[in-house]
Amino acid sequence: MQDILPKEFFEKYDTLSLARHLLGCTLVHNSPEGLTAGIIVETEAYLQNDPACHAYRKKTPRNAAMFEKPGISYVYFIYGVYHCFNIVSGQKDTGEAVLIRALEPVDGIELMQQRRGTTQLKNLCSGPGKLVTAMGINRDFNFLPVYSHHFYCLPPKDENPEIVTTTRIGITRGADLLYRFYLKGNQFVSKIVKEKPAAP
DNA sequence: CTAATGATGAACT
DNA sequence: GTTCATCATTAGG
């Protein structure tokens with residue numbers, strides 16, 4: 001684990017760049033129950049001036065983690081049912097983050113299946129709420145750096161993966177912004193959107 | 001398509 | 001202090 005991504009990695013990119021550079025990285029959680037890991041195949045960027053961003057208006061206790069240093073986790077509860085996992089990005093106090101939307105399971109798959117209650121590989125981490133469950137992430141991960149000993153990222157093997165840029169999913173505001181990125185052709189993304197026909 | 005579900009911020013008194 | 005609308009989702013039909 002000598003080559004985990006250091007905090008400098010998260011500091012050197014702006015939010016949109018980081019969202020792209022995180023694709024292909026492996027997210028690892030070494031929990032007491034066992035180790036789980038998955039390749040990040042889908043991300044979304046949330047910027048300061050973006051109406052869909054939690055930090056769009058102002059700093060609150062809930063979104064405080066978004067104003068932390070880059071590389072800090074921001075985990076929050078949504079719809080009373082599921083959690084979403086973000087990695088803070090940009091400069092400290094800017095309130096920007098990258099939402100991890102999907103993983104390709106690579107390690108601890110049995111444990112993921114156990115936690116998710118399904119054996120379908122493609123269904124384990126294909127969505128923000130799902131991957132959080134599969135990886136055993138919970139609210140305690142809020143403020144936890146993703147360069148911790150038991151929770152960290154590994155660099156991608158492919159330096160220049162093919163990345164598709166598209167619109168975000170499941171939000172009502174800022175829905176036309178191209179802030180969603182995923183690895184082209186990967187089957188583990190939450191939803192494969194057909195390419196838009198050329199605008200009239 | 002819809003229900004389920006809880007935390008939150010904003011807008012009241 | 002209380003109430004209400006909102007929310008970056010998922011599962012099930």
# chains A, B, ... in the order shown; residues from 1 in each chain; ligands from 1
>>> closest_atom_pairs(of="chain B", to="chain A", cutoff="10 Å", atoms="only C-alpha atoms (C1' of nucleotides)", output="Markdown table")
| residue | atom | partner | partner_atom | distance |
| --- | --- | --- | --- | --- |
| B:DA4 | C1' | A:Val81 | CA | 8.0 |
| B:DT5 | C1' | A:Gly80 | CA | 3.9 |
| B:DG6 | C1' | A:Gly80 | CA | 4.0 |
| B:DA7 | C1' | A:Phe77 | CA | 7.2 |
| B:DT8 | C1' | A:Arg62 | CA | 7.5 |
| B:DG9 | C1' | A:Thr60 | CA | 8.7 |
>>> interface_residues(of="chain C", to="chain A", cutoff="12 Å", atoms="only C-alpha atoms (C1' of nucleotides)", output="PyMOL selection string")
chain C and resi 6-11
>>> write_last_selection(atoms="all heavy atoms", output="CSV table (one decimal), in the first residue's frame")
chain,number,residue,atom,x,y,z
C,6,DT,P,-41.2,22.0,-2.7
C,6,DT,OP1,-41.0,23.0,-3.7
C,6,DT,OP2,-42.1,20.9,-2.9
C,6,DT,O5',-39.7,21.4,-2.4
C,6,DT,C5',-38.7,22.2,-1.9
C,6,DT,C4',-37.5,21.4,-1.6
C,6,DT,O4',-37.6,20.7,-0.3
C,6,DT,C3',-37.1,20.4,-2.7
C,6,DT,O3',-35.8,20.6,-3.0
C,6,DT,C2',-37.4,19.1,-2.0
C,6,DT,C1',-37.0,19.4,-0.5
C,6,DT,N1,-37.6,18.5,0.5
C,6,DT,C2,-36.9,18.2,1.6
C,6,DT,O2,-35.7,18.6,1.8
C,6,DT,N3,-37.5,17.4,2.5
C,6,DT,C4,-38.8,16.9,2.4
C,6,DT,O4,-39.3,16.2,3.3
C,6,DT,C5,-39.5,17.3,1.2
C,6,DT,C7,-40.9,16.9,1.0
C,6,DT,C6,-38.9,18.1,0.4
C,7,DC,P,-35.3,20.2,-4.5
C,7,DC,OP1,-34.5,21.3,-5.0
C,7,DC,OP2,-36.4,19.6,-5.2
C,7,DC,O5',-34.3,19.0,-4.2
C,7,DC,C5',-33.2,19.1,-3.2
C,7,DC,C4',-32.8,17.7,-2.8
C,7,DC,O4',-33.7,17.3,-1.7
C,7,DC,C3',-33.0,16.6,-3.8
C,7,DC,O3',-31.7,16.4,-4.5
C,7,DC,C2',-33.4,15.4,-3.1
C,7,DC,C1',-33.6,15.9,-1.6
C,7,DC,N1,-34.9,15.4,-1.0
C,7,DC,C2,-34.9,15.0,0.3
C,7,DC,O2,-33.9,14.9,0.9
C,7,DC,N3,-36.1,14.6,0.8
C,7,DC,C4,-37.2,14.6,0.1
C,7,DC,N4,-38.4,14.2,0.7
C,7,DC,C5,-37.2,15.1,-1.3
C,7,DC,C6,-36.1,15.5,-1.8
C,8,DA,P,-31.5,16.4,-6.0
C,8,DA,OP1,-31.1,17.8,-6.3
C,8,DA,OP2,-32.7,15.8,-6.7
C,8,DA,O5',-30.3,15.5,-6.1
C,8,DA,C5',-30.2,14.6,-7.2
C,8,DA,C4',-29.0,13.7,-7.1
C,8,DA,O4',-27.9,14.6,-6.7
C,8,DA,C3',-29.1,12.7,-6.0
C,8,DA,O3',-28.4,11.5,-6.4
C,8,DA,C2',-28.5,13.3,-4.8
C,8,DA,C1',-27.3,14.0,-5.5
C,8,DA,N9,-26.8,15.1,-4.7
C,8,DA,C8,-27.4,16.3,-4.4
C,8,DA,N7,-26.7,17.1,-3.7
C,8,DA,C5,-25.5,16.4,-3.6
C,8,DA,C6,-24.3,16.7,-2.9
C,8,DA,N6,-24.0,17.9,-2.3
C,8,DA,N1,-23.3,15.8,-3.0
C,8,DA,C2,-23.5,14.7,-3.6
C,8,DA,N3,-24.6,14.3,-4.2
C,8,DA,C4,-25.5,15.2,-4.2
C,9,DT,P,-29.4,10.5,-7.0
C,9,DT,OP1,-28.7,9.4,-7.7
C,9,DT,OP2,-30.5,11.2,-7.8
C,9,DT,O5',-30.1,9.8,-5.8
C,9,DT,C5',-29.3,9.1,-4.8
C,9,DT,C4',-29.9,7.8,-4.5
C,9,DT,O4',-31.3,8.1,-4.1
C,9,DT,C3',-30.0,6.8,-5.6
C,9,DT,O3',-29.3,5.7,-5.2
C,9,DT,C2',-31.5,6.6,-5.8
C,9,DT,C1',-32.1,7.0,-4.5
C,9,DT,N1,-33.5,7.5,-4.6
C,9,DT,C2,-34.4,7.0,-3.8
C,9,DT,O2,-34.2,6.2,-3.0
C,9,DT,N3,-35.7,7.6,-4.0
C,9,DT,C4,-36.0,8.5,-4.9
C,9,DT,O4,-37.2,9.0,-4.9
C,9,DT,C5,-35.0,9.0,-5.7
C,9,DT,C7,-35.3,10.1,-6.7
C,9,DT,C6,-33.8,8.5,-5.6
C,10,DT,P,-29.1,4.5,-6.3
C,10,DT,OP1,-27.7,3.9,-6.0
C,10,DT,OP2,-29.4,4.9,-7.7
C,10,DT,O5',-30.1,3.4,-5.8
C,10,DT,C5',-30.2,3.1,-4.5
C,10,DT,C4',-31.4,2.3,-4.1
C,10,DT,O4',-32.6,3.1,-4.3
C,10,DT,C3',-31.7,1.1,-5.1
C,10,DT,O3',-31.8,0.0,-4.3
C,10,DT,C2',-33.0,1.4,-5.8
C,10,DT,C1',-33.7,2.4,-4.8
C,10,DT,N1,-34.5,3.4,-5.5
C,10,DT,C2,-35.8,3.6,-5.0
C,10,DT,O2,-36.3,3.0,-4.0
C,10,DT,N3,-36.5,4.6,-5.6
C,10,DT,C4,-36.1,5.3,-6.7
C,10,DT,O4,-36.9,6.2,-7.2
C,10,DT,C5,-34.8,5.1,-7.1
C,10,DT,C7,-34.3,5.8,-8.3
C,10,DT,C6,-34.1,4.1,-6.5
C,11,DA,P,-31.8,-1.5,-4.9
C,11,DA,OP1,-31.0,-2.3,-4.1
C,11,DA,OP2,-31.6,-1.4,-6.4
C,11,DA,O5',-33.3,-1.8,-4.7
C,11,DA,C5',-33.9,-1.7,-3.4
C,11,DA,C4',-35.4,-2.0,-3.5
C,11,DA,O4',-36.1,-0.9,-4.1
C,11,DA,C3',-35.7,-3.3,-4.2
C,11,DA,O3',-36.8,-3.9,-3.5
C,11,DA,C2',-36.1,-2.8,-5.6
C,11,DA,C1',-36.8,-1.5,-5.2
C,11,DA,N9,-36.7,-0.4,-6.2
C,11,DA,C8,-35.7,-0.2,-7.1
C,11,DA,N7,-36.0,0.8,-7.9
C,11,DA,C5,-37.2,1.3,-7.5
C,11,DA,C6,-38.0,2.4,-7.9
C,11,DA,N6,-37.7,3.2,-8.9
C,11,DA,N1,-39.2,2.6,-7.3
C,11,DA,C2,-39.5,1.7,-6.3
C,11,DA,N3,-38.9,0.7,-5.8
C,11,DA,C4,-37.7,0.5,-6.5
>>> select_by_dssp(residues="region 11-186 of chain A", states="strand (DSSP E)", output="count of residues only")
57
>>> select_by_dssp(residues="region 35-189 of chain A", states="alpha helix (DSSP H)", output="list in words")
Ile109, Glu110, Leu111, Met112, Gln113, Gln114, Arg115, Arg116, Pro128, Gly129, Lys130, Leu131, Val132, Thr133, Ala134 and Met135 of chain A
>>> residues_around(residues="Ser31 (chain A)", least_positions_apart="6", cutoff="9 Å", atoms="only C-alpha atoms (C1' of nucleotides)", output="number ranges by chain")
A: 135-136, 150-151
>>> write_last_selection(atoms="N, CA, C and O atoms", output="JSON list (two decimals), in the first residue's frame")
[["chain", "number", "residue", "atom", "x", "y", "z"],
["A", 135, "MET", "N", -19.58, -1.31, 0.18],
["A", 135, "MET", "CA", -18.26, -1.02, 0.74],
["A", 135, "MET", "C", -18.31, -0.90, 2.26],
["A", 135, "MET", "O", -17.26, -0.76, 2.90],
["A", 136, "GLY", "N", -19.47, -0.90, 2.84],
["A", 136, "GLY", "CA", -19.58, -0.77, 4.28],
["A", 136, "GLY", "C", -19.33, 0.64, 4.77],
["A", 136, "GLY", "O", -18.91, 0.84, 5.91],
["A", 150, "HIS", "N", -6.95, 2.54, 6.58],
["A", 150, "HIS", "CA", -7.88, 1.47, 6.25],
["A", 150, "HIS", "C", -8.86, 1.89, 5.16],
["A", 150, "HIS", "O", -9.77, 1.15, 4.82],
["A", 151, "PHE", "N", -8.68, 3.08, 4.63],
["A", 151, "PHE", "CA", -9.62, 3.60, 3.64],
["A", 151, "PHE", "C", -8.86, 4.53, 2.70],
["A", 151, "PHE", "O", -8.42, 5.60, 3.10]]
>>> residues_around(residues="Asn142 (chain A)", least_positions_apart="3", cutoff="7 Å", atoms="only C-alpha atoms (C1' of nucleotides)", output="short mmCIF file (atom, residue, chain, number, x, y, z; two decimals) with N, CA, C and O atoms, in the first residue's frame")
data_model
loop_
_atom_site.label_atom_id
_atom_site.label_comp_id
_atom_site.auth_asym_id
_atom_site.auth_seq_id
_atom_site.Cartn_x
_atom_site.Cartn_y
_atom_site.Cartn_z
N ALA A 65 -18.56 19.25 5.81
CA ALA A 65 -17.45 18.46 5.31
C ALA A 65 -17.02 18.93 3.92
O ALA A 65 -15.86 18.79 3.54
N SER A 73 -13.65 12.88 2.99
CA SER A 73 -14.93 12.30 2.58
C SER A 73 -16.10 13.16 3.04
O SER A 73 -16.05 13.76 4.11
N TYR A 74 -17.12 13.20 2.22
CA TYR A 74 -18.38 13.82 2.62
C TYR A 74 -19.47 12.77 2.38
O TYR A 74 -19.77 12.42 1.25
N VAL A 75 -20.00 12.24 3.48
CA VAL A 75 -21.03 11.22 3.40
C VAL A 75 -22.31 11.81 3.96
O VAL A 75 -22.31 12.43 5.02
N ARG A 139 -22.13 6.78 8.03
CA ARG A 139 -22.01 8.20 8.35
C ARG A 139 -20.71 8.54 9.08
O ARG A 139 -20.26 9.67 9.05
#
>>> residues_around(residues="Leu103 (chain A)", least_positions_apart="2", cutoff="9 Å", atoms="only C-alpha atoms (C1' of nucleotides)", output="list in words")
Thr26, Leu27, Ala37, Gly38, Ile39, Ile40, Val41, Glu42, Ile100, Arg101, Pro105, Val106, Leu124, Cys125, Ser126, Gly127, Pro128, Leu131, Phe188, Val189 and Ser190 of chain A
>>> write_last_selection(atoms="C-alpha atoms", output="short mmCIF file (atom, residue, chain, number, x, y, z; two decimals), in the first residue's frame")
data_model
loop_
_atom_site.label_atom_id
_atom_site.label_comp_id
_atom_site.auth_asym_id
_atom_site.auth_seq_id
_atom_site.Cartn_x
_atom_site.Cartn_y
_atom_site.Cartn_z
CA THR A 26 -9.45 1.78 -6.96
CA LEU A 27 -11.28 2.63 -3.77
CA ALA A 37 -12.31 -2.72 -3.14
CA GLY A 38 -13.69 -1.43 -6.40
CA ILE A 39 -12.59 0.59 -9.39
CA ILE A 40 -14.25 3.96 -9.65
CA VAL A 41 -16.10 3.93 -12.94
CA GLU A 42 -18.51 6.82 -12.55
CA ILE A 100 -18.72 8.65 -6.50
CA ARG A 101 -21.62 7.08 -8.34
CA PRO A 105 -16.07 -4.67 -7.72
CA VAL A 106 -12.58 -6.17 -7.62
CA LEU A 124 -23.41 -4.61 -6.33
CA CYS A 125 -22.03 -1.10 -6.82
CA SER A 126 -23.95 0.34 -9.76
CA GLY A 127 -25.29 3.39 -7.98
CA PRO A 128 -24.28 5.76 -5.20
CA LEU A 131 -21.72 1.15 -3.53
CA PHE A 188 -20.86 -1.22 -13.93
CA VAL A 189 -22.01 2.37 -14.30
CA SER A 190 -25.38 3.09 -12.72
#
>>> residues_around(residues="DA11 (chain B)", least_positions_apart="5", cutoff="12 Å", atoms="only C-alpha atoms (C1' of nucleotides)", output="PDB file with N, CA and C atoms (P, O5', C5', C4', C3', O3' and C1' of nucleotides), in the first residue's frame")
ATOM      1  P    DT C   2     -41.924  22.447  20.086  1.00  0.00           P
ATOM      2  O5'  DT C   2     -42.568  22.805  18.663  1.00  0.00           O
ATOM      3  C5'  DT C   2     -43.440  23.940  18.542  1.00  0.00           C
ATOM      4  C4'  DT C   2     -43.937  24.020  17.104  1.00  0.00           C
ATOM      5  C3'  DT C   2     -44.054  22.668  16.397  1.00  0.00           C
ATOM      6  O3'  DT C   2     -45.305  22.599  15.731  1.00  0.00           O
ATOM      7  C1'  DT C   2     -42.703  24.137  15.133  1.00  0.00           C
ATOM      8  P    DT C   3     -45.854  21.280  15.052  1.00  0.00           P
ATOM      9  O5'  DT C   3     -45.844  21.736  13.524  1.00  0.00           O
ATOM     10  C5'  DT C   3     -46.336  23.027  13.177  1.00  0.00           C
ATOM     11  C4'  DT C   3     -45.959  23.322  11.733  1.00  0.00           C
ATOM     12  C3'  DT C   3     -46.143  22.135  10.789  1.00  0.00           C
ATOM     13  O3'  DT C   3     -46.797  22.583   9.616  1.00  0.00           O
ATOM     14  C1'  DT C   3     -43.966  22.995  10.583  1.00  0.00           C
ATOM     15  P    DC C   4     -47.427  21.518   8.614  1.00  0.00           P
ATOM     16  O5'  DC C   4     -46.569  21.867   7.321  1.00  0.00           O
ATOM     17  C5'  DC C   4     -46.208  23.241   7.043  1.00  0.00           C
ATOM     18  C4'  DC C   4     -45.202  23.273   5.910  1.00  0.00           C
ATOM     19  C3'  DC C   4     -45.355  22.136   4.904  1.00  0.00           C
ATOM     20  O3'  DC C   4     -45.237  22.657   3.601  1.00  0.00           O
ATOM     21  C1'  DC C   4     -43.160  22.161   5.755  1.00  0.00           C
ATOM     22  P    DA C   5     -45.805  21.859   2.353  1.00  0.00           P
ATOM     23  O5'  DA C   5     -44.580  22.029   1.335  1.00  0.00           O
ATOM     24  C5'  DA C   5     -43.921  23.294   1.249  1.00  0.00           C
ATOM     25  C4'  DA C   5     -42.504  23.098   0.759  1.00  0.00           C
ATOM     26  C3'  DA C   5     -42.370  22.149  -0.426  1.00  0.00           C
ATOM     27  O3'  DA C   5     -41.443  22.700  -1.331  1.00  0.00           O
ATOM     28  C1'  DA C   5     -41.031  21.374   1.366  1.00  0.00           C
TER      29       DA C   5
END
>>> decode(residues="chain C", atoms="N, CA, C and O atoms (P, O5', C5', C4', C3', O3' and C1' of nucleotides)", output="compact mmCIF listing (two decimals), in the first residue's frame")
# COMPACT_ATOMS: atom_id res chain seq x y z
P DG C 1 -36.28 26.21 22.13
O5' DG C 1 -37.69 25.87 21.44
C5' DG C 1 -38.88 25.87 22.21
C4' DG C 1 -40.08 25.65 21.31
C3' DG C 1 -40.13 24.27 20.65
O3' DG C 1 -41.48 23.85 20.59
C1' DG C 1 -40.04 25.96 18.99
P DT C 2 -41.92 22.45 20.09
O5' DT C 2 -42.57 22.81 18.66
C5' DT C 2 -43.44 23.94 18.54
C4' DT C 2 -43.94 24.02 17.10
C3' DT C 2 -44.05 22.67 16.40
O3' DT C 2 -45.30 22.60 15.73
C1' DT C 2 -42.70 24.14 15.13
P DT C 3 -45.85 21.28 15.05
O5' DT C 3 -45.84 21.74 13.52
C5' DT C 3 -46.34 23.03 13.18
C4' DT C 3 -45.96 23.32 11.73
C3' DT C 3 -46.14 22.13 10.79
O3' DT C 3 -46.80 22.58 9.62
C1' DT C 3 -43.97 23.00 10.58
P DC C 4 -47.43 21.52 8.61
O5' DC C 4 -46.57 21.87 7.32
C5' DC C 4 -46.21 23.24 7.04
C4' DC C 4 -45.20 23.27 5.91
C3' DC C 4 -45.36 22.14 4.90
O3' DC C 4 -45.24 22.66 3.60
C1' DC C 4 -43.16 22.16 5.75
P DA C 5 -45.80 21.86 2.35
O5' DA C 5 -44.58 22.03 1.34
C5' DA C 5 -43.92 23.29 1.25
C4' DA C 5 -42.50 23.10 0.76
C3' DA C 5 -42.37 22.15 -0.43
O3' DA C 5 -41.44 22.70 -1.33
C1' DA C 5 -41.03 21.37 1.37
P DT C 6 -41.17 21.98 -2.70
O5' DT C 6 -39.72 21.39 -2.39
C5' DT C 6 -38.71 22.24 -1.86
C4' DT C 6 -37.45 21.44 -1.58
C3' DT C 6 -37.11 20.39 -2.66
O3' DT C 6 -35.76 20.56 -3.02
C1' DT C 6 -37.04 19.43 -0.52
P DC C 7 -35.28 20.17 -4.47
O5' DC C 7 -34.26 18.98 -4.17
C5' DC C 7 -33.23 19.08 -3.20
C4' DC C 7 -32.82 17.69 -2.76
C3' DC C 7 -32.99 16.60 -3.84
O3' DC C 7 -31.75 16.42 -4.49
C1' DC C 7 -33.65 15.87 -1.65
P DA C 8 -31.53 16.42 -6.00
O5' DA C 8 -30.28 15.49 -6.13
C5' DA C 8 -30.19 14.62 -7.24
C4' DA C 8 -28.99 13.74 -7.07
C3' DA C 8 -29.14 12.69 -5.97
O3' DA C 8 -28.44 11.54 -6.35
C1' DA C 8 -27.31 14.04 -5.50
P DT C 9 -29.44 10.47 -7.05
O5' DT C 9 -30.08 9.83 -5.76
C5' DT C 9 -29.26 9.14 -4.82
C4' DT C 9 -29.92 7.83 -4.46
C3' DT C 9 -29.99 6.82 -5.61
O3' DT C 9 -29.31 5.65 -5.22
C1' DT C 9 -32.08 7.02 -4.52
P DT C 10 -29.06 4.47 -6.31
O5' DT C 10 -30.14 3.40 -5.84
C5' DT C 10 -30.19 3.07 -4.46
C4' DT C 10 -31.45 2.30 -4.15
C3' DT C 10 -31.68 1.11 -5.09
O3' DT C 10 -31.78 -0.04 -4.29
C1' DT C 10 -33.66 2.41 -4.83
P DA C 11 -31.79 -1.47 -4.95
O5' DA C 11 -33.33 -1.84 -4.72
C5' DA C 11 -33.89 -1.66 -3.43
C4' DA C 11 -35.36 -2.00 -3.47
C3' DA C 11 -35.69 -3.27 -4.23
O3' DA C 11 -36.75 -3.92 -3.55
C1' DA C 11 -36.82 -1.46 -5.23
P DG C 12 -37.19 -5.36 -4.01
O5' DG C 12 -38.63 -5.09 -4.65
C5' DG C 12 -39.59 -4.33 -3.92
C4' DG C 12 -40.77 -4.03 -4.83
C3' DG C 12 -41.13 -5.18 -5.77
O3' DG C 12 -42.56 -5.26 -5.88
C1' DG C 12 -40.78 -3.27 -7.00
P DG C 13 -43.25 -6.58 -6.45
O5' DG C 13 -44.31 -5.96 -7.48
C5' DG C 13 -44.88 -4.70 -7.19
C4' DG C 13 -45.58 -4.15 -8.41
C3' DG C 13 -46.03 -5.18 -9.45
O3' DG C 13 -47.32 -4.84 -9.95
C1' DG C 13 -44.65 -3.56 -10.45
